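Remarks on the structure that follows.
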Amino acid sequence: MTILVESMAKWPAATHIQNEGVGLFRRGSSGYERCLTRDVEAQKASIELGSRFRDCSKVIVLGIGGSAMGLRALVDALATPEQAQRLVLLDHLDRTALDYELASADPSALGLIVISRSGTTLEVLAWLRELLGQRHFTQVAAVTASPDSPLGRLASDKQWPTLSIPDDVGGRFSVFTPCGLLPAAALGLPVGELIEGAQQAQSDQAIQWATDLKDLLDGGHDRWLGFFYGRSLSGFAGWWLQLLSESLGKSDLPLFVAAAEGPRDQHSILQLLMEGADRQALMFTHWSKPAETPGSGPDLLGLGEFDLNAIERILFDANSQALSDRGRPVMRIRLEPTARSLAACMQNWMRATALLGAYLDIDPFDQPGVEAGKLIAKARLGLA
Ligand code: PA5
């Protein structure tokens with residue numbers, strides 16, 4: 001497992017609150033850590049239950065927000081094309097997209113996994129109404145922390161195998177609970193390696209990230225941008241953005257978090273990063289795939305032996321370097337493209353986020369700001 005982290009010239013090597021961080025960590029017994037230490041049974045159960053979906057032509061996963069974004073991160077990075085094609089993740093309300101994805105699937109071999117910590121989420125329950133009357137599923141399972149919720153009661157009535165998640169694990173911290181691991185196992189992803197990688201994550205790294213970012217925030221770098229190189233990191237980028245935004249965007253904190261994809265967004269946002277106001281803390285992450293043999297078409301530029309992976313790496317190096325040379329705070333993370341590295345990196349971002357919450361006196365595990373819109377929608381729908 002290799003994760004290379006490099007703080008470039010203007011990135012702080014903050015130390016002043018690091019000791020406090022270590023103390024917080026030692027005291028920490030949050031569910032997202034316990035699921036890798038004391039409470040590993042549910043994770044093992046995910047592997048067994050997931051294997052029952054092995055013959056499903058499609059695995060439909062109902063889940064939204066943090067409860068689904070971890071899965072997307074795992075699939076984008078690690079799934080083979082065949083594994084990825086078996087997943088239908090309904091984190092939207094678009095029936096046409098579902099019909100399109102199921103058009104070529106064997107309708108007699110569908111699996112359904114319903115994931116909702118609260119068991120009350122509108123989008124998830126709306127899809128259940130659409131699906132259960134119309135389609136037959138050979139395998140069904142549920143993941144919820146709330147047996148008394150509408151989902152929990154339905155799962156019990158229908159005797160669906162149901163896995164739970166610790167009460168104190170919100171969706172965005174749930175990737176290594178059955179929320180992420182059950183569907184990952186159903187698709188055949190290397191769940192054991194994910195658990196090992198997360199267990200082996202070096203917590204010093206998370207403490208350093210949290211400490212540095214607090215320092216940057218205090219110094220006016222209040223826009224944190226993750227620049228993710230490699231299409232395989234698309235899901236990771238969305239997960240990371242949600243983790244930091246929903247956890248820390250509270251108490252009028254002057255913080256904004258954004259994610260960009262490289263090299264694509266060099267052609268959209270890089271100009272602003274280079275020559276706009278110096279308010280961004282820039283975190284570059286690369287899914288470092290090895291070089292391959294270049295294509296055999298005309299070499300119009302004289303690229304020689306540089307294949308697409310090598311060009312991507314050079315663009316990652318060059319643009320992070322250019323921003324650092326411009327005086328911007330830049331950190332670079334190079335991930336070996338393995339399940340263990342991905343898992344360790346995700347675990348450390350969850351830790352860093354939790355620590356930042358402690359440093360900023362913010363509860364990173366709630367999301368009161370999303371309730372107002374839910375209440376208005378419920379009133380419009382005539383729901384209590
Ligand atoms: O990160 C979070 O806590 C949220 O994004 C939730 O995952 C999302 O709202 C879905 O909630 P639930 O799992 O209760 O359906």
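If you're wondering about the labels, chains in the structure tokens are A, B, ... by order shown, residues count from 1 in each chain, ligands from 1 in order shown.
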- Message: List as a PyMOL selection string the protein and nucleic acid residues near Leu255 (chain A), meaning an atom at most 9 Å away when only C-alpha atoms are counted, but skip any in the same chain fewer than 6 places from it.
- Response: chain A and resi 217+221-224+245+248-249
How would the residues just chosen look if you wrote them out with all heavy atoms as a tab-separated table (two decimals), in the first residue's frame?
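For reference, part-v2.tsv as written:
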chain	number	residue	atom	x	y	z
A	217	LEU	N	-6.97	27.71	6.94
A	217	LEU	CA	-8.22	28.43	7.13
A	217	LEU	C	-8.00	29.68	7.97
A	217	LEU	O	-8.45	30.77	7.63
A	217	LEU	CB	-9.23	27.49	7.82
A	217	LEU	CG	-10.66	27.95	7.95
A	217	LEU	CD1	-11.31	28.12	6.58
A	217	LEU	CD2	-11.47	26.95	8.77
A	221	HIS	N	-7.05	31.05	3.76
A	221	HIS	CA	-7.27	30.12	2.64
A	221	HIS	C	-8.53	29.31	2.96
A	221	HIS	O	-8.46	28.18	3.43
A	221	HIS	CB	-6.04	29.23	2.44
A	221	HIS	CG	-4.89	29.98	1.85
A	221	HIS	ND1	-3.88	30.52	2.62
A	221	HIS	CD2	-4.63	30.33	0.57
A	221	HIS	CE1	-3.03	31.16	1.82
A	221	HIS	NE2	-3.46	31.06	0.58
A	222	ASP	N	-9.65	29.94	2.68
A	222	ASP	CA	-10.93	29.39	3.12
A	222	ASP	C	-11.71	28.73	2.00
A	222	ASP	O	-12.90	28.45	2.13
A	222	ASP	CB	-11.78	30.47	3.81
A	222	ASP	CG	-12.00	31.68	2.92
A	222	ASP	OD1	-11.56	31.65	1.75
A	222	ASP	OD2	-12.61	32.65	3.39
A	223	ARG	N	-11.04	28.49	0.87
A	223	ARG	CA	-11.66	27.72	-0.22
A	223	ARG	C	-10.76	26.51	-0.45
A	223	ARG	O	-9.61	26.69	-0.85
A	223	ARG	CB	-11.74	28.55	-1.49
A	223	ARG	CG	-12.57	29.79	-1.35
A	223	ARG	CD	-12.34	30.69	-2.55
A	223	ARG	NE	-13.15	31.89	-2.48
A	223	ARG	CZ	-13.00	32.91	-3.32
A	223	ARG	NH1	-12.07	32.86	-4.26
A	223	ARG	NH2	-13.76	33.97	-3.21
A	224	TRP	N	-11.31	25.36	-0.16
A	224	TRP	CA	-10.49	24.14	-0.27
A	224	TRP	C	-10.89	23.41	-1.54
A	224	TRP	O	-12.05	23.02	-1.71
A	224	TRP	CB	-10.71	23.24	0.94
A	224	TRP	CG	-10.28	23.87	2.24
A	224	TRP	CD1	-9.58	25.03	2.40
A	224	TRP	CD2	-10.53	23.37	3.56
A	224	TRP	NE1	-9.38	25.29	3.74
A	224	TRP	CE2	-9.96	24.29	4.47
A	224	TRP	CE3	-11.19	22.26	4.07
A	224	TRP	CZ2	-10.01	24.12	5.84
A	224	TRP	CZ3	-11.26	22.08	5.44
A	224	TRP	CH2	-10.66	23.00	6.31
A	245	SER	N	-17.99	19.11	3.01
A	245	SER	CA	-19.00	20.18	2.98
A	245	SER	C	-20.10	19.94	4.00
A	245	SER	O	-20.48	20.84	4.75
A	245	SER	CB	-19.66	20.26	1.59
A	245	SER	OG	-18.69	20.53	0.62
A	248	LEU	N	-18.57	20.07	7.73
A	248	LEU	CA	-17.96	21.27	8.29
A	248	LEU	C	-18.69	22.57	7.93
A	248	LEU	O	-18.39	23.63	8.51
A	248	LEU	CB	-16.50	21.37	7.83
A	248	LEU	CG	-15.62	20.16	8.19
A	248	LEU	CD1	-14.22	20.31	7.59
A	248	LEU	CD2	-15.53	19.97	9.70
A	249	GLY	N	-19.59	22.51	6.98
A	249	GLY	CA	-20.27	23.74	6.54
A	249	GLY	C	-21.34	24.17	7.53
A	249	GLY	O	-22.53	24.02	7.28
Find the residues around region 299-314 of chain A up to 7 Å (only C-alpha atoms counted), leave out those fewer than 4 positions away in its own chain, and share them as a PDB file with all heavy atoms, in the first residue's frame.
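The resulting result-v2.pdb:
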ATOM      1  N   PRO A 263      -7.229  15.804 -16.206  1.00  0.00           N
ATOM      2  CA  PRO A 263      -6.839  17.120 -16.710  1.00  0.00           C
ATOM      3  C   PRO A 263      -8.001  17.986 -17.183  1.00  0.00           C
ATOM      4  O   PRO A 263      -7.799  19.160 -17.476  1.00  0.00           O
ATOM      5  CB  PRO A 263      -5.912  16.779 -17.878  1.00  0.00           C
ATOM      6  CG  PRO A 263      -6.382  15.455 -18.369  1.00  0.00           C
ATOM      7  CD  PRO A 263      -6.881  14.704 -17.159  1.00  0.00           C
ATOM      8  N   LYS A 289      -1.655   5.248 -12.167  1.00  0.00           N
ATOM      9  CA  LYS A 289      -1.593   4.000 -12.938  1.00  0.00           C
ATOM     10  C   LYS A 289      -0.253   3.907 -13.663  1.00  0.00           C
ATOM     11  O   LYS A 289       0.298   4.927 -14.107  1.00  0.00           O
ATOM     12  CB  LYS A 289      -2.729   3.950 -13.960  1.00  0.00           C
ATOM     13  CG  LYS A 289      -4.087   3.727 -13.310  1.00  0.00           C
ATOM     14  CD  LYS A 289      -5.169   3.534 -14.335  1.00  0.00           C
ATOM     15  CE  LYS A 289      -5.523   4.835 -15.003  1.00  0.00           C
ATOM     16  NZ  LYS A 289      -6.691   4.825 -15.840  1.00  0.00           N
ATOM     17  N   PRO A 290       0.283   2.697 -13.812  1.00  0.00           N
ATOM     18  CA  PRO A 290       1.574   2.565 -14.483  1.00  0.00           C
ATOM     19  C   PRO A 290       1.467   2.896 -15.975  1.00  0.00           C
ATOM     20  O   PRO A 290       0.395   2.780 -16.569  1.00  0.00           O
ATOM     21  CB  PRO A 290       1.942   1.088 -14.287  1.00  0.00           C
ATOM     22  CG  PRO A 290       0.673   0.401 -13.920  1.00  0.00           C
ATOM     23  CD  PRO A 290      -0.258   1.421 -13.347  1.00  0.00           C
ATOM     24  N   ALA A 291       2.593   3.280 -16.548  1.00  0.00           N
ATOM     25  CA  ALA A 291       2.624   3.582 -17.987  1.00  0.00           C
ATOM     26  C   ALA A 291       2.360   2.315 -18.790  1.00  0.00           C
ATOM     27  O   ALA A 291       2.671   1.207 -18.349  1.00  0.00           O
ATOM     28  CB  ALA A 291       3.973   4.176 -18.354  1.00  0.00           C
ATOM     29  N   GLU A 292       1.757   2.508 -19.958  1.00  0.00           N
ATOM     30  CA  GLU A 292       1.477   1.379 -20.854  1.00  0.00           C
ATOM     31  C   GLU A 292       2.106   1.684 -22.214  1.00  0.00           C
ATOM     32  O   GLU A 292       2.686   2.755 -22.415  1.00  0.00           O
ATOM     33  CB  GLU A 292      -0.039   1.209 -21.009  1.00  0.00           C
ATOM     34  CG  GLU A 292      -0.725   0.818 -19.692  1.00  0.00           C
ATOM     35  CD  GLU A 292      -2.242   0.868 -19.770  1.00  0.00           C
ATOM     36  OE1 GLU A 292      -2.771   1.496 -20.712  1.00  0.00           O
ATOM     37  OE2 GLU A 292      -2.871   0.279 -18.871  1.00  0.00           O
ATOM     38  N   THR A 293       1.928   0.753 -23.118  1.00  0.00           N
ATOM     39  CA  THR A 293       2.454   0.995 -24.471  1.00  0.00           C
ATOM     40  C   THR A 293       1.570   2.027 -25.163  1.00  0.00           C
ATOM     41  O   THR A 293       0.339   1.894 -25.154  1.00  0.00           O
ATOM     42  CB  THR A 293       2.417  -0.320 -25.276  1.00  0.00           C
ATOM     43  OG1 THR A 293       3.075  -1.313 -24.503  1.00  0.00           O
ATOM     44  CG2 THR A 293       3.089  -0.164 -26.628  1.00  0.00           C
ATOM     45  N   PRO A 294       2.173   3.070 -25.750  1.00  0.00           N
ATOM     46  CA  PRO A 294       1.339   4.083 -26.409  1.00  0.00           C
ATOM     47  C   PRO A 294       0.647   3.521 -27.653  1.00  0.00           C
ATOM     48  O   PRO A 294       1.042   2.482 -28.168  1.00  0.00           O
ATOM     49  CB  PRO A 294       2.324   5.191 -26.770  1.00  0.00           C
ATOM     50  CG  PRO A 294       3.672   4.607 -26.646  1.00  0.00           C
ATOM     51  CD  PRO A 294       3.592   3.367 -25.821  1.00  0.00           C
ATOM     52  N   ALA A 318       2.919  18.921 -13.474  1.00  0.00           N
ATOM     53  CA  ALA A 318       3.210  20.242 -14.023  1.00  0.00           C
ATOM     54  C   ALA A 318       2.276  21.304 -13.439  1.00  0.00           C
ATOM     55  O   ALA A 318       2.715  22.399 -13.050  1.00  0.00           O
ATOM     56  CB  ALA A 318       3.064  20.192 -15.543  1.00  0.00           C
TER      57      ALA A 318
END
- Protein and nucleic acid residues within 10 Å of ligand 1 (only C-alpha atoms and all ligand atoms) as a PyMOL selection string: chain A and resi 62-70+91+114-125+143-146+151+165+169-174+179+239+242-247+364-367+370-371
- Message: Based on the backbone DSSP call, show me all residues of region 108-286 of chain A assigned strand (DSSP E or B), as an MDAnalysis selection string.
- Response: chainID A and resid 110:115 139:143 162:163 223:229 256:262 280:286
For region 147-253 of chain A against region 38-51 of chain A, with a cut-off of 12 Å and counting only C-alpha atoms, what is the closest atom pair and its distance in Å to one decimal for every residue that makes the cut, ordered by chain and number, as a Markdown table?
| residue | atom | partner | partner_atom | distance |
| --- | --- | --- | --- | --- |
| A:Trp160 | CA | A:Leu49 | CA | 11.1 |
| A:Pro161 | CA | A:Leu49 | CA | 8.0 |
| A:Thr162 | CA | A:Leu49 | CA | 9.3 |
| A:Leu163 | CA | A:Ala42 | CA | 6.7 |
| A:Ser164 | CA | A:Ala42 | CA | 7.2 |
| A:Ile165 | CA | A:Ala42 | CA | 7.8 |
| A:Pro166 | CA | A:Asp39 | CA | 8.7 |
| A:Ser174 | CA | A:Gln43 | CA | 11.2 |
| A:Val175 | CA | A:Gln43 | CA | 10.6 |
| A:Phe176 | CA | A:Gln43 | CA | 7.5 |
| A:Thr177 | CA | A:Gln43 | CA | 6.0 |
| A:Pro178 | CA | A:Ser46 | CA | 5.7 |
| A:Cys179 | CA | A:Ser46 | CA | 9.0 |
| A:Gly180 | CA | A:Ser46 | CA | 9.1 |
| A:Leu181 | CA | A:Ser46 | CA | 6.0 |
| A:Leu182 | CA | A:Ser46 | CA | 4.5 |
| A:Pro183 | CA | A:Gly50 | CA | 6.5 |
| A:Ala184 | CA | A:Gly50 | CA | 7.6 |
| A:Ala185 | CA | A:Gly50 | CA | 4.7 |
| A:Ala186 | CA | A:Gly50 | CA | 4.0 |
| A:Leu187 | CA | A:Gly50 | CA | 7.6 |
| A:Gly188 | CA | A:Ser51 | CA | 7.7 |
| A:Leu189 | CA | A:Ile47 | CA | 9.8 |
| A:Pro190 | CA | A:Ile47 | CA | 9.5 |
| A:Val191 | CA | A:Ile47 | CA | 7.0 |
| A:Gly192 | CA | A:Ile47 | CA | 8.2 |
| A:Glu193 | CA | A:Ile47 | CA | 11.6 |
| A:Leu194 | CA | A:Gln43 | CA | 10.6 |
| A:Ile195 | CA | A:Gln43 | CA | 8.3 |
| A:Glu196 | CA | A:Val40 | CA | 11.3 |
| A:Gln199 | CA | A:Val40 | CA | 10.8 |
- Can you check which residues of region 118-310 of chain A DSSP gives as alpha helix (DSSP H) on the backbone and send them as a ChimeraX atom specification? /A:122-132,150-157,178-187,191-199,203-218,234-248,270-275,308-310
Dump as a PDB file, in the first residue's frame, selection limited to C-alpha atoms:
ATOM      1  CA  LEU A 122     -37.844  10.447   0.535  1.00  0.00           C
ATOM      2  CA  GLU A 123     -35.990   9.521  -2.652  1.00  0.00           C
ATOM      3  CA  VAL A 124     -35.268   5.988  -1.437  1.00  0.00           C
ATOM      4  CA  LEU A 125     -38.833   5.288  -0.364  1.00  0.00           C
ATOM      5  CA  ALA A 126     -40.243   6.838  -3.548  1.00  0.00           C
ATOM      6  CA  TRP A 127     -38.124   4.437  -5.622  1.00  0.00           C
ATOM      7  CA  LEU A 128     -39.234   1.496  -3.494  1.00  0.00           C
ATOM      8  CA  ARG A 129     -42.839   2.256  -4.428  1.00  0.00           C
ATOM      9  CA  GLU A 130     -41.846   2.313  -8.109  1.00  0.00           C
ATOM     10  CA  LEU A 131     -39.831  -0.880  -8.040  1.00  0.00           C
ATOM     11  CA  LEU A 132     -41.566  -3.330  -5.757  1.00  0.00           C
ATOM     12  CA  PRO A 150     -40.720   2.648   7.391  1.00  0.00           C
ATOM     13  CA  LEU A 151     -37.824   0.855   5.673  1.00  0.00           C
ATOM     14  CA  GLY A 152     -36.926  -1.125   8.794  1.00  0.00           C
ATOM     15  CA  ARG A 153     -40.528  -2.305   9.236  1.00  0.00           C
ATOM     16  CA  LEU A 154     -40.908  -3.242   5.559  1.00  0.00           C
ATOM     17  CA  ALA A 155     -37.649  -5.197   5.653  1.00  0.00           C
ATOM     18  CA  SER A 156     -38.860  -7.035   8.736  1.00  0.00           C
ATOM     19  CA  ASP A 157     -42.339  -7.757   7.227  1.00  0.00           C
ATOM     20  CA  PRO A 178     -22.458  -2.431   5.290  1.00  0.00           C
ATOM     21  CA  CYS A 179     -23.619   0.769   3.499  1.00  0.00           C
ATOM     22  CA  GLY A 180     -20.592   0.622   1.254  1.00  0.00           C
ATOM     23  CA  LEU A 181     -19.348  -2.902   1.794  1.00  0.00           C
ATOM     24  CA  LEU A 182     -22.527  -4.911   1.142  1.00  0.00           C
ATOM     25  CA  PRO A 183     -23.074  -3.584  -2.405  1.00  0.00           C
ATOM     26  CA  ALA A 184     -19.310  -3.653  -2.985  1.00  0.00           C
ATOM     27  CA  ALA A 185     -19.294  -7.347  -2.069  1.00  0.00           C
ATOM     28  CA  ALA A 186     -22.368  -7.950  -4.241  1.00  0.00           C
ATOM     29  CA  LEU A 187     -20.418  -6.604  -7.212  1.00  0.00           C
ATOM     30  CA  VAL A 191     -13.910  -6.022   0.352  1.00  0.00           C
ATOM     31  CA  GLY A 192     -11.324  -7.782   2.521  1.00  0.00           C
ATOM     32  CA  GLU A 193      -8.569  -5.603   1.049  1.00  0.00           C
ATOM     33  CA  LEU A 194     -10.654  -2.487   1.596  1.00  0.00           C
ATOM     34  CA  ILE A 195     -11.118  -3.322   5.265  1.00  0.00           C
ATOM     35  CA  GLU A 196      -7.414  -4.084   5.684  1.00  0.00           C
ATOM     36  CA  GLY A 197      -6.400  -0.887   3.933  1.00  0.00           C
ATOM     37  CA  ALA A 198      -8.673   1.226   6.127  1.00  0.00           C
ATOM     38  CA  GLN A 199      -7.433  -0.561   9.249  1.00  0.00           C
ATOM     39  CA  SER A 203      -3.533   8.266  11.615  1.00  0.00           C
ATOM     40  CA  ASP A 204      -0.563  10.675  11.745  1.00  0.00           C
ATOM     41  CA  GLN A 205      -1.414  11.594   8.194  1.00  0.00           C
ATOM     42  CA  ALA A 206      -4.983  12.514   9.069  1.00  0.00           C
ATOM     43  CA  ILE A 207      -3.834  14.596  12.024  1.00  0.00           C
ATOM     44  CA  GLN A 208      -1.384  16.454   9.802  1.00  0.00           C
ATOM     45  CA  TRP A 209      -4.033  17.161   7.156  1.00  0.00           C
ATOM     46  CA  ALA A 210      -6.472  18.467   9.753  1.00  0.00           C
ATOM     47  CA  THR A 211      -3.794  20.567  11.405  1.00  0.00           C
ATOM     48  CA  ASP A 212      -2.554  22.030   8.117  1.00  0.00           C
ATOM     49  CA  LEU A 213      -6.050  22.804   6.875  1.00  0.00           C
ATOM     50  CA  LYS A 214      -6.969  24.548  10.134  1.00  0.00           C
ATOM     51  CA  ASP A 215      -3.825  26.604   9.785  1.00  0.00           C
ATOM     52  CA  LEU A 216      -4.671  27.477   6.191  1.00  0.00           C
ATOM     53  CA  LEU A 217      -8.225  28.426   7.133  1.00  0.00           C
ATOM     54  CA  ASP A 218      -6.962  30.679   9.913  1.00  0.00           C
ATOM     55  CA  SER A 234     -14.585  10.764 -10.098  1.00  0.00           C
ATOM     56  CA  GLY A 235     -16.565   9.048  -7.363  1.00  0.00           C
ATOM     57  CA  PHE A 236     -13.862   9.782  -4.782  1.00  0.00           C
ATOM     58  CA  ALA A 237     -14.045  13.469  -5.691  1.00  0.00           C
ATOM     59  CA  GLY A 238     -17.808  13.571  -5.095  1.00  0.00           C
ATOM     60  CA  TRP A 239     -17.465  11.641  -1.834  1.00  0.00           C
ATOM     61  CA  TRP A 240     -14.651  13.900  -0.574  1.00  0.00           C
ATOM     62  CA  LEU A 241     -16.563  17.060  -1.452  1.00  0.00           C
ATOM     63  CA  GLN A 242     -19.671  15.849   0.381  1.00  0.00           C
ATOM     64  CA  LEU A 243     -17.685  14.619   3.382  1.00  0.00           C
ATOM     65  CA  LEU A 244     -16.061  17.984   3.980  1.00  0.00           C
ATOM     66  CA  SER A 245     -19.005  20.176   2.978  1.00  0.00           C
ATOM     67  CA  GLU A 246     -21.770  18.458   4.910  1.00  0.00           C
ATOM     68  CA  SER A 247     -19.558  17.844   7.929  1.00  0.00           C
ATOM     69  CA  LEU A 248     -17.962  21.273   8.291  1.00  0.00           C
ATOM     70  CA  LEU A 270      -7.033  26.563 -13.544  1.00  0.00           C
ATOM     71  CA  GLN A 271      -6.924  30.166 -14.760  1.00  0.00           C
ATOM     72  CA  LEU A 272      -8.873  31.283 -11.685  1.00  0.00           C
ATOM     73  CA  LEU A 273      -6.634  29.269  -9.396  1.00  0.00           C
ATOM     74  CA  MET A 274      -3.493  30.758 -10.901  1.00  0.00           C
ATOM     75  CA  GLU A 275      -4.489  34.382 -11.158  1.00  0.00           C
ATOM     76  CA  LEU A 308      -1.923   8.402 -21.810  1.00  0.00           C
ATOM     77  CA  ASN A 309      -1.121   7.448 -18.197  1.00  0.00           C
ATOM     78  CA  ALA A 310       2.333   9.060 -18.432  1.00  0.00           C
TER      79      ALA A 310
END
- Can you tell me, as number ranges by chain, what residues are no more than 10 Å from Arg326 (chain A) when counting only C-alpha atoms, ignoring any on the same chain fewer than 2 positions away? A: 10, 273-275, 278, 320-324, 328-329
